[in-house]
Structures are given as structure tokens and as C-alpha cells.
Amino acid sequence: MGSKTDYAKIEKSIKTRETVVRVITYILLAVWAVIVLFPFYWMILTSVKSYGAYNSEFIPKFYTLSPTLQNYADAFTTVSLGKYILNTVVFTLLTTLIMLFVITLAAFAFARLEFRGKNVAFIIFLSMMMIPNELVIITNFMTITNLNMRNSFAGLILPSVTSVFYLYLLKENFEQIPDSLYYAAKVDGTSDLKYLLKVMIPISKPTLITITILKVIECWNSYVWPRLITDDANYFLVSNGIQEIRENGFGRENIPAMMAAVVVISIPLIVLFLIFRKKIMEGVSRGGTKG
């Protein structure tokens, strides 16, 4: 009986400890969730405050008693935000599609083909990740300017049609595909291009989806390069639009209208991430696991 009693006490102690650990974990996760989500709450709250109410607050308030949607209307009427969103969609789609084409062929070459200097060439590609972005931007700006591509979609897109990181991620994923499939395909007379399209791309679909989503987010949030290479409103992206809205206040920065524009611009990315979040996690895990 004593042993059973001791066993029951030990089991109860273990369950109590697990409960305490679980409660502490949930509390920490809740606190972290509040910290992460607070900027989104503040963005939405500011977007529904009137221009006058926002500027009259000596101490910012965490609520509003008179919400308004006027800022959302101002975001589209103050500047051509709709046109900027359309430009951004075109820029994002073209850049992503061209990049996928380039890195898929390059990753296949580095993962499956044998040619002289392959390892050296790949090391050189990887070493480019060590170059500061500021130096790359300066070089790209000089190149695009010398080619007379400023204020054009070609000038916006060209420097972003490849990525060493995405190339590396896809190459690692391609290398996980058994060599036996490749040799069997070659025995059957399958060309390299057909093998890539029929075997490697379908198997690597999660990684390709992940790369696509990350590239879309990267293009959608692009700020420095569009601001640097365009000064014609016909080629402005949403980053230019947000800055214009901010500068169009009545004597002061129009922060509420700018926040409304940010909400509108953020919705597509949030929806995209929520829909494909499992694919993103799966693709990253596949790309980082070998064997």
C-alpha cells in the first residue's frame, strides 16, 4: 500500500509540475503575442482616427470613441494609390516569374549537371552573399543609369531577377532527390529539361511555393530601390505612395491616412501568408534538411 501511495504522490507531483510549466509557457506566449500584434493594433487604430483627433492628442490614446473611414478614402484620393498598387502588382509578378525561371535552371545545373568549374562557380555565387547591400545598390544604380533604364519597369525589375539565397535553397532541395531517378530517366531517353519539368519541379513544389511567397513579400515591401531608381509618378510603387501620403498633411504629416494606406497594402500579404503558411514551413524545413 505504501508503494502505491508513494507512486500516486510522485505521479501527482509530475502532473502538477507539467501543469505549472504549461501555464507559464502559455503566459509567456500570450505576452509575446501581445508584443508582436500590438503594432498591427496601433496601425489599425491610427487609421480610423480622424486627422484632427490624432493631432490633438498630446498623449496617444489606445482607443478612439469616434472611428472614421475617411482616412481610407483620403489614401486613394490624396495620391494615385490605386495606380501605385497596380504598378506594384506588375513589378511583383514579373520579377517573381523571371526569378523563378532563372534560379530553377541554375539550381538544376548546380545540383545535377557535371561541368568544369561547377564547385568554384557556386562558391563564387555564395561569396556574393557577403557583399553589403549598399554596395550592390550603388553598382546597380550606376548600371541601370548607364543603360538609360531609370523610370522604367525594366530598371525596377532587372536587379531583382536572381537571388543567391533562393538559388542555394532550391539547389539543396534538388540534391535531396535520389540520383537513381535521374539515371533511370536518362536510360529511358528523357532529356534534362523534361526531367526537370516532370520530376524535380513537382517533387520540390513546397520549396518553390515558399520561394515564390517570400519573393512576393520582398517585392511588395521593396522601398529603397524603387525610391532610388524612379522619380516619375507613372512608375511609383506603393512605397512611394505611402511617402507621398505622409507628406500631404495640412501643415503636419498625415499619419492617419498613411496608416490607412499601410493597412490596405498589408492585407494582401497577410492573406497570402495565412493561406500558405504551412507550405512555407514545409518548404523551409525541406530546404534545410539533407538526406
# chains A, B, ... in the order shown; residues from 1 in each chain; ligands from 1
$ residues_around --residues "Ser204 (chain A)" --least-positions-apart "4" --cutoff "8 Å" --atoms "only C-alpha atoms" --output "list of chain:residue names"
A:Leu170, A:Asn173, A:Phe174, A:Met200, A:Leu208
$ select_by_dssp --residues "region 150-239 of chain A" --states "helix (DSSP H, G or I)" --output "PyMOL selection string"
chain A and resi 153-160+164-175+179-187+192-203+205-220+224-229+233-235+238-239
$ closest_residue --among "A:Val36, A:Met43, A:Ile157, A:Ile24" --to "Ser266 (chain A)" --atoms "only C-alpha atoms"
A:Met43
$ closest_residue --among "A:Ala261, A:Ile177, A:Val31, A:Val23" --to "Ala111 (chain A)" --atoms "only C-alpha atoms"
A:Ile177
$ residues_around --residues "Asn240 (chain A)" --least-positions-apart "3" --cutoff "8 Å" --atoms "only C-alpha atoms" --output "ChimeraX atom specification"
/A:84,223,226-227,236-237,243-244
$ decode --residues "region 4-137 of chain A" --atoms "C-alpha atoms" --output "CSV table (one decimal), in the first residue's frame"
chain,number,residue,atom,x,y,z
A,4,LYS,CA,1.2,2.6,-4.3
A,5,THR,CA,0.7,5.7,-2.2
A,6,ASP,CA,4.2,6.9,-3.0
A,7,TYR,CA,3.7,6.2,-6.7
A,8,ALA,CA,0.4,8.2,-6.6
A,9,LYS,CA,2.2,11.1,-4.9
A,10,ILE,CA,5.0,11.1,-7.5
A,11,GLU,CA,2.5,10.9,-10.3
A,12,LYS,CA,0.5,13.8,-8.9
A,13,SER,CA,3.7,15.8,-8.4
A,14,ILE,CA,4.7,15.2,-12.0
A,15,LYS,CA,1.3,16.3,-13.3
A,16,THR,CA,1.4,19.4,-11.1
A,17,ARG,CA,4.8,20.3,-12.4
A,18,GLU,CA,3.7,19.7,-16.0
A,19,THR,CA,0.6,21.9,-15.4
A,20,VAL,CA,2.7,24.7,-13.9
A,21,VAL,CA,5.2,24.5,-16.9
A,22,ARG,CA,2.3,24.6,-19.3
A,23,VAL,CA,0.7,27.6,-17.6
A,24,ILE,CA,3.9,29.5,-17.6
A,25,THR,CA,4.5,28.7,-21.2
A,26,TYR,CA,1.0,29.9,-22.2
A,27,ILE,CA,1.5,33.1,-20.2
A,28,LEU,CA,4.9,33.8,-22.0
A,29,LEU,CA,3.4,33.0,-25.4
A,30,ALA,CA,0.4,35.3,-24.6
A,31,VAL,CA,2.8,38.2,-23.6
A,32,TRP,CA,4.9,37.6,-26.7
A,33,ALA,CA,1.7,37.6,-28.9
A,34,VAL,CA,0.7,40.9,-27.4
A,35,ILE,CA,4.1,42.4,-28.2
A,36,VAL,CA,4.1,41.1,-31.7
A,37,LEU,CA,0.5,42.1,-32.5
A,38,PHE,CA,0.5,45.5,-30.8
A,39,PRO,CA,2.0,47.3,-33.9
A,40,PHE,CA,-0.8,45.9,-36.0
A,41,TYR,CA,-3.4,47.1,-33.5
A,42,TRP,CA,-1.8,50.5,-33.3
A,43,MET,CA,-1.7,50.7,-37.1
A,44,ILE,CA,-5.4,49.9,-37.5
A,45,LEU,CA,-6.4,52.2,-34.6
A,46,THR,CA,-4.5,55.1,-36.0
A,47,SER,CA,-6.1,54.5,-39.4
A,48,VAL,CA,-9.6,55.0,-38.0
A,49,LYS,CA,-8.7,58.2,-36.1
A,50,SER,CA,-9.6,61.5,-37.8
A,51,TYR,CA,-6.7,63.8,-38.8
A,52,GLY,CA,-7.8,66.4,-36.2
A,53,ALA,CA,-8.3,63.9,-33.4
A,54,TYR,CA,-4.9,62.3,-34.0
A,55,ASN,CA,-3.0,65.6,-34.0
A,56,SER,CA,-4.9,66.9,-30.9
A,57,GLU,CA,-3.7,64.0,-28.8
A,58,PHE,CA,-0.9,65.3,-26.6
A,59,ILE,CA,-0.6,61.7,-25.2
A,60,PRO,CA,-1.5,59.0,-27.6
A,61,LYS,CA,-4.7,57.1,-26.7
A,62,PHE,CA,-5.1,53.4,-27.1
A,63,TYR,CA,-8.7,53.7,-28.2
A,64,THR,CA,-11.0,56.0,-30.1
A,65,LEU,CA,-14.6,56.9,-29.4
A,66,SER,CA,-15.3,58.3,-32.9
A,67,PRO,CA,-13.8,55.9,-35.5
A,68,THR,CA,-13.9,57.0,-39.2
A,69,LEU,CA,-13.1,55.5,-42.6
A,70,GLN,CA,-12.3,58.9,-44.1
A,71,ASN,CA,-8.6,58.2,-44.0
A,72,TYR,CA,-9.1,55.2,-46.3
A,73,ALA,CA,-10.8,57.5,-48.8
A,74,ASP,CA,-8.1,60.1,-48.4
A,75,ALA,CA,-5.4,57.4,-49.0
A,76,PHE,CA,-6.8,56.9,-52.5
A,77,THR,CA,-7.8,60.5,-53.3
A,78,THR,CA,-4.7,62.3,-52.0
A,79,VAL,CA,-2.4,60.3,-54.3
A,80,SER,CA,-2.9,57.7,-57.0
A,81,LEU,CA,-2.6,54.8,-54.6
A,82,GLY,CA,-4.7,52.5,-56.8
A,83,LYS,CA,-2.2,53.1,-59.7
A,84,TYR,CA,0.7,52.5,-57.4
A,85,ILE,CA,-0.8,49.2,-56.2
A,86,LEU,CA,-1.3,48.2,-59.8
A,87,ASN,CA,2.4,49.1,-60.6
A,88,THR,CA,3.5,47.1,-57.6
A,89,VAL,CA,1.4,44.0,-58.7
A,90,VAL,CA,3.0,44.2,-62.2
A,91,PHE,CA,6.5,44.6,-60.7
A,92,THR,CA,6.0,41.8,-58.2
A,93,LEU,CA,4.6,39.3,-60.7
A,94,LEU,CA,7.2,39.9,-63.4
A,95,THR,CA,10.1,39.9,-61.0
A,96,THR,CA,9.0,36.7,-59.3
A,97,LEU,CA,8.3,34.8,-62.5
A,98,ILE,CA,11.6,35.8,-64.1
A,99,MET,CA,13.5,35.0,-60.9
A,100,LEU,CA,11.8,31.5,-60.6
A,101,PHE,CA,12.8,30.8,-64.2
A,102,VAL,CA,16.4,31.8,-63.6
A,103,ILE,CA,17.1,30.1,-60.3
A,104,THR,CA,15.3,26.9,-61.3
A,105,LEU,CA,17.6,26.4,-64.3
A,106,ALA,CA,20.6,27.5,-62.3
A,107,ALA,CA,19.8,25.2,-59.3
A,108,PHE,CA,19.3,22.3,-61.7
A,109,ALA,CA,22.6,22.9,-63.3
A,110,PHE,CA,24.5,23.1,-59.9
A,111,ALA,CA,22.6,20.1,-58.5
A,112,ARG,CA,22.5,17.6,-61.3
A,113,LEU,CA,24.8,18.6,-64.2
A,114,GLU,CA,28.5,18.0,-64.3
A,115,PHE,CA,30.7,20.7,-65.8
A,116,ARG,CA,34.2,22.0,-65.2
A,117,GLY,CA,34.4,24.7,-62.5
A,118,LYS,CA,30.9,23.9,-61.1
A,119,ASN,CA,32.0,24.0,-57.4
A,120,VAL,CA,34.2,27.1,-57.9
A,121,ALA,CA,31.3,28.9,-59.6
A,122,PHE,CA,28.9,28.0,-56.8
A,123,ILE,CA,31.4,29.2,-54.2
A,124,ILE,CA,31.7,32.5,-56.0
A,125,PHE,CA,27.9,32.8,-56.0
A,126,LEU,CA,27.7,32.1,-52.3
A,127,SER,CA,30.5,34.6,-51.6
A,128,MET,CA,28.3,37.3,-53.1
A,129,MET,CA,26.1,37.0,-50.1
A,130,MET,CA,28.9,38.6,-48.1
A,131,ILE,CA,28.8,41.8,-50.2
A,132,PRO,CA,26.9,44.6,-48.3
A,133,ASN,CA,23.6,45.6,-50.0
A,134,GLU,CA,24.7,49.2,-50.1
A,135,LEU,CA,27.5,48.4,-52.4
A,136,VAL,CA,25.2,46.3,-54.6
A,137,ILE,CA,22.6,49.1,-54.8
